[in-house]
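To start, the structure itself, in structure tokens.
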Amino acid sequence: MKPKSRFIRSIVAAAQTNDVQLPWTRGATRQDMIARRTGAAEETPKAKSA
């Protein structure tokens, strides 16, 4: 098998797998991450001013 045809076959095989999670399919996981990030920002103490 020539290297080019092996490369093409590997690309086609990779394209046929559907294991990529798109942002709108992550749902609860993404919401948890956003909640943790915004919660951590609210809990940071603010510097006191004179």
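We label chains A, B, ... in the order they appear in the structure tokens, count residues from 1 in each chain, and number ligands from 1 in the order shown.
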
Name the residues of chain A that fall into helix (DSSP H, G or I) according to DSSP on the backbone, using the chain letters and numbers of this document, as a ChimeraX atom specification. /A:3-16,23-26,28-43

Generate a file of the selected residues that holds C-alpha atoms, formatted as a compact mmCIF listing (two decimals), in the first residue's frame.
# COMPACT_ATOMS: atom_id res chain seq x y z
CA PRO A 3 1.84 5.97 1.81
CA LYS A 4 -0.62 8.36 0.18
CA SER A 5 -3.43 5.80 0.01
CA ARG A 6 -2.73 4.75 3.63
CA PHE A 7 -3.00 8.39 4.64
CA ILE A 8 -6.27 8.83 2.74
CA ARG A 9 -7.71 5.69 4.36
CA SER A 10 -6.77 6.88 7.83
CA ILE A 11 -8.36 10.28 7.17
CA VAL A 12 -11.57 8.68 5.91
CA ALA A 13 -11.69 6.34 8.92
CA ALA A 14 -11.17 9.25 11.30
CA ALA A 15 -13.90 11.25 9.59
CA GLN A 16 -16.38 8.38 9.95
CA PRO A 23 -20.39 22.56 22.75
CA TRP A 24 -24.18 22.32 22.56
CA THR A 25 -24.15 18.55 23.23
CA ARG A 26 -22.17 18.80 26.48
CA ALA A 28 -24.81 19.62 32.10
CA THR A 29 -21.03 19.31 32.09
CA ARG A 30 -20.65 22.71 30.50
CA GLN A 31 -23.18 24.32 32.85
CA ASP A 32 -21.32 22.92 35.88
CA MET A 33 -18.04 24.31 34.61
CA ILE A 34 -19.56 27.76 34.03
CA ALA A 35 -21.18 27.73 37.49
CA ARG A 36 -17.86 26.86 39.14
CA ARG A 37 -16.06 29.61 37.25
CA THR A 38 -18.62 32.30 38.06
CA GLY A 39 -18.94 31.09 41.67
CA ALA A 40 -15.19 31.33 42.19
CA ALA A 41 -15.15 34.87 40.82
CA GLU A 42 -17.88 35.98 43.24
CA GLU A 43 -16.10 34.54 46.29
